[in-house]
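What follows is work.csv (CSV, C-alpha atoms and all ligand atoms).
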```
chain,number,residue,atom,x,y,z
P,1,MET,CA,10.9,-235.2,2.1
P,2,LEU,CA,13.5,-233.2,3.9
P,3,VAL,CA,16.3,-235.3,5.5
P,4,ASP,CA,19.3,-234.0,7.3
P,5,SER,CA,21.5,-237.0,7.4
P,6,TYR,CA,24.8,-237.7,9.1
P,7,LYS,CA,26.4,-237.1,5.7
P,8,HIS,CA,24.9,-233.7,5.4
P,9,LYS,CA,25.9,-232.9,9.0
P,10,GLY,CA,29.5,-234.0,8.2
P,11,MET,CA,29.6,-231.8,5.1
P,12,ARG,CA,28.3,-228.9,7.1
P,13,LYS,CA,30.9,-229.3,9.8
P,14,ASN,CA,33.5,-229.3,7.0
P,15,LEU,CA,32.0,-226.1,5.6
P,16,VAL,CA,32.3,-224.5,9.1
P,17,GLU,CA,35.9,-225.5,9.2
P,18,ILE,CA,36.5,-223.9,5.8
P,19,LEU,CA,34.8,-220.6,6.9
P,20,SER,CA,36.9,-220.5,10.0
P,21,GLN,CA,40.0,-221.0,7.9
P,22,LYS,CA,38.8,-218.1,5.7
P,23,GLY,CA,38.7,-215.8,8.8
P,24,ILE,CA,35.2,-216.2,10.3
P,25,SER,CA,35.9,-216.2,14.0
P,26,ASP,CA,32.6,-215.5,15.7
P,27,LYS,CA,31.7,-218.8,17.4
P,28,ALA,CA,27.9,-218.0,17.5
P,29,VAL,CA,27.9,-217.4,13.7
P,30,LEU,CA,29.8,-220.6,13.0
P,31,ASP,CA,27.4,-222.5,15.3
P,32,ALA,CA,24.4,-221.1,13.4
P,33,ILE,CA,25.9,-222.2,10.1
P,34,ASN,CA,26.6,-225.6,11.6
P,35,LYS,CA,22.9,-225.8,12.7
P,36,VAL,CA,21.0,-224.7,9.6
P,37,PRO,CA,20.7,-227.4,6.8
P,38,ARG,CA,21.6,-225.3,3.8
P,39,HIS,CA,20.6,-228.1,1.4
P,40,PHE,CA,17.0,-227.5,2.4
P,41,PHE,CA,17.2,-224.1,0.8
P,42,LEU,CA,18.5,-225.3,-2.6
P,43,GLU,CA,16.7,-227.0,-5.4
P,44,ASN,CA,17.3,-230.8,-5.6
P,45,ALA,CA,19.7,-230.4,-8.5
P,46,PHE,CA,22.2,-228.5,-6.3
P,47,GLU,CA,21.8,-230.6,-3.2
P,48,ALA,CA,25.1,-232.4,-3.6
P,49,HIS,CA,26.8,-229.0,-3.7
P,50,ALA,CA,25.0,-227.3,-0.8
P,51,TYR,CA,28.0,-227.4,1.4
P,52,GLU,CA,30.5,-225.9,-1.0
P,53,ASP,CA,31.4,-222.3,-0.4
P,54,LYS,CA,29.5,-221.1,-3.4
P,55,ALA,CA,26.4,-219.2,-4.5
P,56,PHE,CA,23.7,-221.1,-6.4
P,57,PRO,CA,20.5,-220.1,-8.4
P,58,ILE,CA,17.3,-220.1,-6.4
P,59,GLY,CA,15.0,-219.2,-9.4
P,60,ASN,CA,13.7,-215.9,-10.7
P,61,GLY,CA,17.3,-215.0,-11.7
P,62,GLN,CA,18.3,-214.7,-8.0
P,63,THR,CA,20.9,-216.6,-6.0
P,64,ILE,CA,21.4,-217.9,-2.4
P,65,SER,CA,24.5,-216.1,-1.2
P,66,GLN,CA,27.8,-217.9,-0.7
P,67,PRO,CA,28.2,-219.2,2.8
P,68,TYR,CA,31.3,-217.1,3.4
P,69,THR,CA,29.4,-214.0,2.5
P,70,VAL,CA,26.5,-214.9,4.8
P,71,ALA,CA,28.9,-215.6,7.6
P,72,PHE,CA,30.9,-212.4,6.9
P,73,GLN,CA,27.8,-210.1,6.8
P,74,THR,CA,26.4,-211.8,9.9
P,75,GLN,CA,29.6,-211.5,11.8
P,76,CYS,CA,29.8,-207.8,11.0
P,77,LEU,CA,26.4,-207.3,12.5
P,78,GLN,CA,27.4,-208.6,16.0
P,79,ILE,CA,23.9,-209.9,16.7
P,80,LYS,CA,22.7,-209.9,20.2
P,81,LYS,CA,19.6,-211.8,21.3
P,82,ASN,CA,16.4,-209.9,20.6
P,83,ASP,CA,18.1,-207.4,18.3
P,84,LYS,CA,15.5,-206.0,15.9
P,85,VAL,CA,17.0,-206.7,12.4
P,86,LEU,CA,15.8,-205.5,9.0
P,87,GLU,CA,16.9,-207.7,6.2
P,88,ILE,CA,16.6,-206.6,2.5
P,89,GLY,CA,16.5,-209.4,0.0
P,90,THR,CA,14.9,-212.4,1.7
P,91,GLY,CA,15.7,-214.7,-1.3
P,92,SER,CA,15.8,-218.3,-0.2
P,93,GLY,CA,15.5,-217.4,3.5
P,94,TYR,CA,18.8,-219.0,4.3
P,95,GLN,CA,20.4,-215.8,5.7
P,96,THR,CA,17.1,-215.1,7.5
P,97,SER,CA,17.3,-218.4,9.3
P,98,ILE,CA,20.9,-217.8,10.4
P,99,LEU,CA,19.8,-214.5,11.9
P,100,LEU,CA,16.8,-216.2,13.6
P,101,GLU,CA,19.1,-218.9,15.0
P,102,LEU,CA,21.2,-216.1,16.6
P,103,GLY,CA,18.1,-214.9,18.5
P,104,ALA,CA,17.3,-211.8,16.3
P,105,ASP,CA,13.8,-210.5,15.8
P,106,VAL,CA,13.9,-210.4,12.0
P,107,TYR,CA,11.9,-208.3,9.6
P,108,SER,CA,12.7,-209.2,6.0
P,109,ILE,CA,11.6,-207.8,2.7
P,110,GLU,CA,11.7,-209.5,-0.7
P,111,TYR,CA,11.0,-207.7,-4.0
P,112,VAL,CA,10.0,-210.8,-6.1
P,113,LYS,CA,6.5,-212.0,-5.2
P,114,GLU,CA,7.1,-215.6,-6.2
P,115,LEU,CA,10.2,-215.8,-4.0
P,116,TYR,CA,8.4,-214.1,-1.1
P,117,ASP,CA,5.5,-216.6,-1.3
P,118,LYS,CA,7.8,-219.6,-1.6
P,119,THR,CA,10.1,-218.6,1.3
P,120,LYS,CA,7.3,-217.5,3.6
P,121,TYR,CA,5.7,-220.9,3.2
P,122,PHE,CA,9.0,-222.7,3.7
P,123,LEU,CA,10.3,-220.8,6.7
P,124,ASN,CA,6.9,-221.4,8.4
P,125,PHE,CA,7.1,-225.0,7.5
P,126,LEU,CA,10.6,-225.2,9.2
P,127,GLY,CA,9.0,-223.7,12.3
P,128,TYR,CA,10.6,-220.3,12.2
P,129,LYS,CA,8.7,-217.3,13.4
P,130,THR,CA,9.0,-214.7,10.7
P,131,ASN,CA,8.0,-211.2,9.7
P,132,LEU,CA,8.3,-211.3,5.9
P,133,TYR,CA,7.1,-208.6,3.5
P,134,ASN,CA,6.8,-208.4,-0.2
P,135,GLY,CA,8.0,-205.0,-1.5
P,136,ASP,CA,10.8,-202.6,-2.2
P,137,GLY,CA,13.4,-202.9,0.6
P,138,THR,CA,15.3,-199.8,-0.5
P,139,LEU,CA,12.5,-197.8,1.2
P,140,GLY,CA,13.1,-199.7,4.4
P,141,LEU,CA,10.2,-200.7,6.7
P,142,SER,CA,9.2,-197.5,8.6
P,143,LYS,CA,6.4,-199.2,10.5
P,144,TYR,CA,8.8,-201.1,12.8
P,145,ALA,CA,11.8,-198.7,12.6
P,146,PRO,CA,14.3,-197.9,14.2
P,147,TYR,CA,16.3,-201.1,13.9
P,148,ASP,CA,19.4,-202.3,15.8
P,149,LYS,CA,20.9,-203.8,12.7
P,150,ILE,CA,20.1,-203.6,8.9
P,151,ILE,CA,21.5,-206.1,6.4
P,152,VAL,CA,21.2,-205.7,2.6
P,153,THR,CA,21.9,-208.9,0.6
P,154,ALA,CA,21.9,-207.4,-2.9
P,155,GLY,CA,24.4,-205.1,-4.5
P,156,ALA,CA,23.5,-201.4,-4.3
P,157,PRO,CA,24.7,-198.4,-6.4
P,158,THR,CA,24.8,-196.2,-3.2
P,159,VAL,CA,23.7,-196.4,0.4
P,160,PRO,CA,20.0,-195.5,0.6
P,161,ASP,CA,19.5,-192.6,3.1
P,162,THR,CA,16.2,-194.1,4.2
P,163,LEU,CA,18.1,-197.1,5.6
P,164,ILE,CA,20.4,-194.9,7.7
P,165,GLU,CA,17.4,-193.0,8.9
P,166,GLN,CA,15.8,-196.2,10.1
P,167,LEU,CA,18.8,-197.3,12.1
P,168,LYS,CA,19.1,-196.8,15.9
P,169,ILE,CA,21.9,-194.9,17.5
P,170,ASN,CA,24.8,-197.4,17.8
P,171,GLY,CA,23.0,-199.5,15.1
P,172,ILE,CA,25.0,-201.2,12.3
P,173,LEU,CA,24.1,-201.3,8.6
P,174,ILE,CA,25.9,-203.8,6.4
P,175,ILE,CA,25.5,-203.3,2.6
P,176,PRO,CA,27.4,-204.2,-0.6
P,177,VAL,CA,28.0,-201.1,-2.7
P,178,GLY,CA,29.5,-200.9,-6.1
P,179,ASN,CA,28.7,-201.6,-9.8
P,180,ARG,CA,26.4,-204.4,-11.0
P,181,GLU,CA,29.2,-207.0,-11.0
P,182,LYS,CA,31.5,-206.3,-8.1
P,183,GLN,CA,30.9,-204.6,-4.8
P,184,SER,CA,32.7,-203.5,-1.6
P,185,MET,CA,31.1,-204.5,1.7
P,186,VAL,CA,30.3,-201.3,3.6
P,187,LYS,CA,29.7,-201.4,7.3
P,188,LEU,CA,28.3,-198.3,8.8
P,189,THR,CA,27.9,-197.7,12.5
P,190,LYS,CA,25.6,-194.9,13.5
P,191,VAL,CA,27.5,-193.4,16.4
P,192,SER,CA,25.2,-190.4,16.8
P,193,GLU,CA,22.2,-188.9,15.0
P,194,ASN,CA,24.4,-187.4,12.3
P,195,GLN,CA,27.7,-189.3,12.5
P,196,LEU,CA,28.6,-192.6,10.9
P,197,VAL,CA,31.7,-194.7,11.2
P,198,LYS,CA,32.5,-196.5,7.9
P,199,GLU,CA,34.5,-199.6,7.3
P,200,THR,CA,35.0,-201.2,3.9
P,201,TYR,CA,35.9,-204.7,2.8
P,202,GLU,CA,36.7,-205.5,-0.8
P,203,ASN,CA,35.6,-208.0,-3.4
P,204,PHE,CA,32.1,-209.2,-3.1
P,205,SER,CA,29.6,-210.1,-5.8
P,206,PHE,CA,25.8,-209.9,-5.4
P,207,VAL,CA,22.8,-209.8,-7.6
P,208,PRO,CA,21.7,-206.2,-8.1
P,209,LEU,CA,19.5,-204.4,-5.6
P,210,VAL,CA,16.5,-203.0,-7.6
P,211,GLY,CA,13.8,-200.6,-6.6
P,212,LYS,CA,13.5,-196.8,-6.0
P,213,ASN,CA,17.0,-196.4,-4.4
P,214,GLY,CA,18.6,-199.3,-6.2
P,215,TRP,CA,19.5,-200.0,-9.9
P,301,LIG,N1,19.9,-213.6,1.5
P,301,LIG,C1,19.4,-214.3,0.4
P,301,LIG,C2,20.1,-213.7,-0.8
P,301,LIG,C3,19.2,-213.6,-2.0
P,301,LIG,S1,19.8,-212.7,-3.4
P,301,LIG,C4,19.7,-215.7,0.5
P,301,LIG,O1,20.4,-216.1,1.4
P,301,LIG,O2,19.1,-216.5,-0.2
P,301,LIG,C5,19.2,-211.1,-3.1
P,301,LIG,C6,17.7,-211.0,-3.1
P,301,LIG,O3,17.4,-209.6,-3.0
P,301,LIG,C7,16.9,-211.5,-4.3
P,301,LIG,O4,16.0,-212.4,-3.9
P,301,LIG,C8,16.3,-210.2,-4.9
P,301,LIG,O5,15.0,-210.5,-5.4
P,301,LIG,C9,16.2,-209.4,-3.7
P,301,LIG,N2,16.1,-207.9,-3.9
P,301,LIG,C10,16.7,-207.2,-4.8
P,301,LIG,N3,16.3,-205.9,-4.7
P,301,LIG,C11,15.4,-205.8,-3.7
P,301,LIG,C12,14.7,-204.8,-3.1
P,301,LIG,N4,14.7,-203.5,-3.5
P,301,LIG,N5,13.9,-205.1,-2.0
P,301,LIG,C13,13.8,-206.3,-1.6
P,301,LIG,N6,14.5,-207.4,-2.1
P,301,LIG,C14,15.3,-207.1,-3.1
```

Write the structure described by the file as structure tokens, please.
Ligand code: SAH
Amino acid sequence: MLVDSYKHKGMRKNLVEILSQKGISDKAVLDAINKVPRHFFLENAFEAHAYEDKAFPIGNGQTISQPYTVAFQTQCLQIKKNDKVLEIGTGSGYQTSILLELGADVYSIEYVKELYDKTKYFLNFLGYKTNLYNGDGTLGLSKYAPYDKIIVTAGAPTVPDTLIEQLKINGILIIPVGNREKQSMVKLTKVSENQLVKETYENFSFVPLVGKNGW
């Protein structure tokens, strides 16, 4: 049974406080973190730790991202209600639910079939309206392109051109790029058809992005 107790709510509020001290300033993002019961997305063994600012295993060798990382990537995207967002690496669905809470129209791709099946069932169970796909997100999802925002939640060797192509003018792509252990967070804003503005933030660590344009 899934219970969101006062204790959980209290720990969540505390987590929000920690994230705000670490520099997350977007009120809407902090509100979304405060709303979504992260412990629902973790296996029982980790429940007591759900509101620590840490990544945890979600099975199939994958992890649920650290709350700071989720908040940071989401803040970079400057989500507006009804933004069409492509997410690559659905994983546990936690990041997906944060985007949904912000009013985004989310399309999310997961490579691992078992995780896709599990998360599709679970997000529906929680009452979220989702568009989840099982496949290689490095190819994007041309059927619904272009997107206002694209978020990649696994570490890439380079920025896949396909994703830039599937971004709207003034759209934002946020993607960790680096080696298999450490990545920089790259934020690209597509200011015109062939011009990108790049910002980089150091020191993130994701599981590898696999697939055709991945590792
Ligand atoms: N946002 C997720 C993070 C999961 S970890 C969460 O909050 O739980 C990253 C996920 O990316 C893993 O589930 C992994 O299987 C997936 N992944 C890796 N390469 C991928 C690809 N090419 N396409 C889609 N998903 C991919």

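Between Thr63 in chain P and the candidates P:Phe206, P:Tyr51, P:Tyr133, P:Phe122, the tightest atom-to-atom separation, counting only C-alpha atoms, involves P:Phe206.
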
Restricting the calculation to only C-alpha atoms, which member of P:Leu173, P:Ile88, P:Glu114, P:Met185 is positioned closest to Thr138 in chain P? P:Ile88

Within-6 Å residues of ligand LIG 301 (chain P), basis all atoms listed in the file, as a list in words: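 Written in the requested form, the residues are Gln62, Thr63, Ile64, Ser65, Ile88, Gly89, Thr90, Gly91, Ser92, Gly93, Tyr94, Gln95, Ile109, Glu110, Tyr111, Val112, Gly135, Asp136, Gly137, Thr138, Thr153, Ala154, Val207, Leu209, Val210 and Gly211 of chain P.
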
So, with all atoms listed in the file as the atoms that count, which of P:Tyr201, P:Trp215, P:Phe72, P:Phe41 lies closest to Gly59 in chain P?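 Once distances to Gly59 in chain P are computed over all atoms listed in the file, the minimum belongs to P:Phe41.
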
Give me, as a VMD selection string, all polymer residues having an atom no more than 8 Å from range 14-29 of chain P, counting all atoms listed in the file and skipping those fewer than 3 positions away in the same chain. chain P and resid 10 to 11 32 to 34 51 to 53 67 to 68 71 to 72 74 to 75 98 102

Go through P:Leu167, P:Gly61, P:Asn82, P:Val70 and flag the residue nearest Leu115 in chain P, using all atoms listed in the file for the distances.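 Result for the nearest residue to Leu115 in chain P: P:Gly61.
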
Would you pick out the contacts of Glu193 in chain P at 9 Å or less, using all atoms listed in the file, so that residues sharing its chain but fewer than 4 positions from it are not included, and give the list as a PyMOL selection string? chain P and resi 165+168-169

Using CA of Asn131 in chain P and CA of Ile151 in chain P as the two end points, give the distance in Å to one decimal.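 For CA of Asn131 in chain P relative to CA of Ile151 in chain P, the distance reads 14.8 Å.
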
Within 10 Å of Val3 in chain P, counting all atoms listed in the file, which residues qualify if same-chain residues fewer than 5 places away don't, as number ranges by chain? P: 8, 37, 39-40

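Shortest separation to Glu202 in chain P among P:Leu126, P:Val186, P:Leu132, P:Ala104 occurs at residue P:Val186, atoms counted being all atoms listed in the file.
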
Which is closer to Gly171 in chain P than all the others in P:Lys212, P:Lys84, P:His49, P:Lys118, using all atoms listed in the file?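 That would be P:Lys84, the residue with the smallest distance to Gly171 in chain P.
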
Can you work out the spacing between CA of Lys54 in chain P and CA of Asp105 in chain P in Å, to one decimal?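 According to the coordinates, CA of Lys54 in chain P and CA of Asp105 in chain P are separated by 27.0 Å.
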
Which value, in Å to one decimal, gives the distance between CA of Leu188 in chain P and CA of Ile175 in chain P? 8.4 Å

Would you kindly return, as an mmCIF file with C-alpha atoms, in the frame of the given file, each protein, DNA or RNA residue with an atom no farther than 6 Å from any atom of Glu87 in chain P, considering all atoms listed in the file and excluding same-chain residues fewer than 5 positions away?
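Below you can see around_20.cif, which holds the result:
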```cif
data_model
loop_
_atom_site.group_PDB
_atom_site.id
_atom_site.type_symbol
_atom_site.label_atom_id
_atom_site.label_comp_id
_atom_site.auth_asym_id
_atom_site.auth_seq_id
_atom_site.Cartn_x
_atom_site.Cartn_y
_atom_site.Cartn_z
ATOM 1 C CA SER P 108 12.700 -209.200 6.000
ATOM 2 C CA ILE P 150 20.100 -203.600 8.900
ATOM 3 C CA ILE P 151 21.500 -206.100 6.400
ATOM 4 C CA VAL P 152 21.200 -205.700 2.600
#
```

With only C-alpha atoms as the counted atoms, please give the residues lying no more than 12 Å from Lys143 in chain P, apart from itself and same-chain residues fewer than 2 positions off, as a count of residues only. 10

Around the point (21.6, -203.9, 15.0), in the coordinates given by the file, pick out the residues reaching within 6 Å, counting all atoms listed in the file, and return them as a PyMOL selection string. chain P and resi 83+85+148-149+171-172
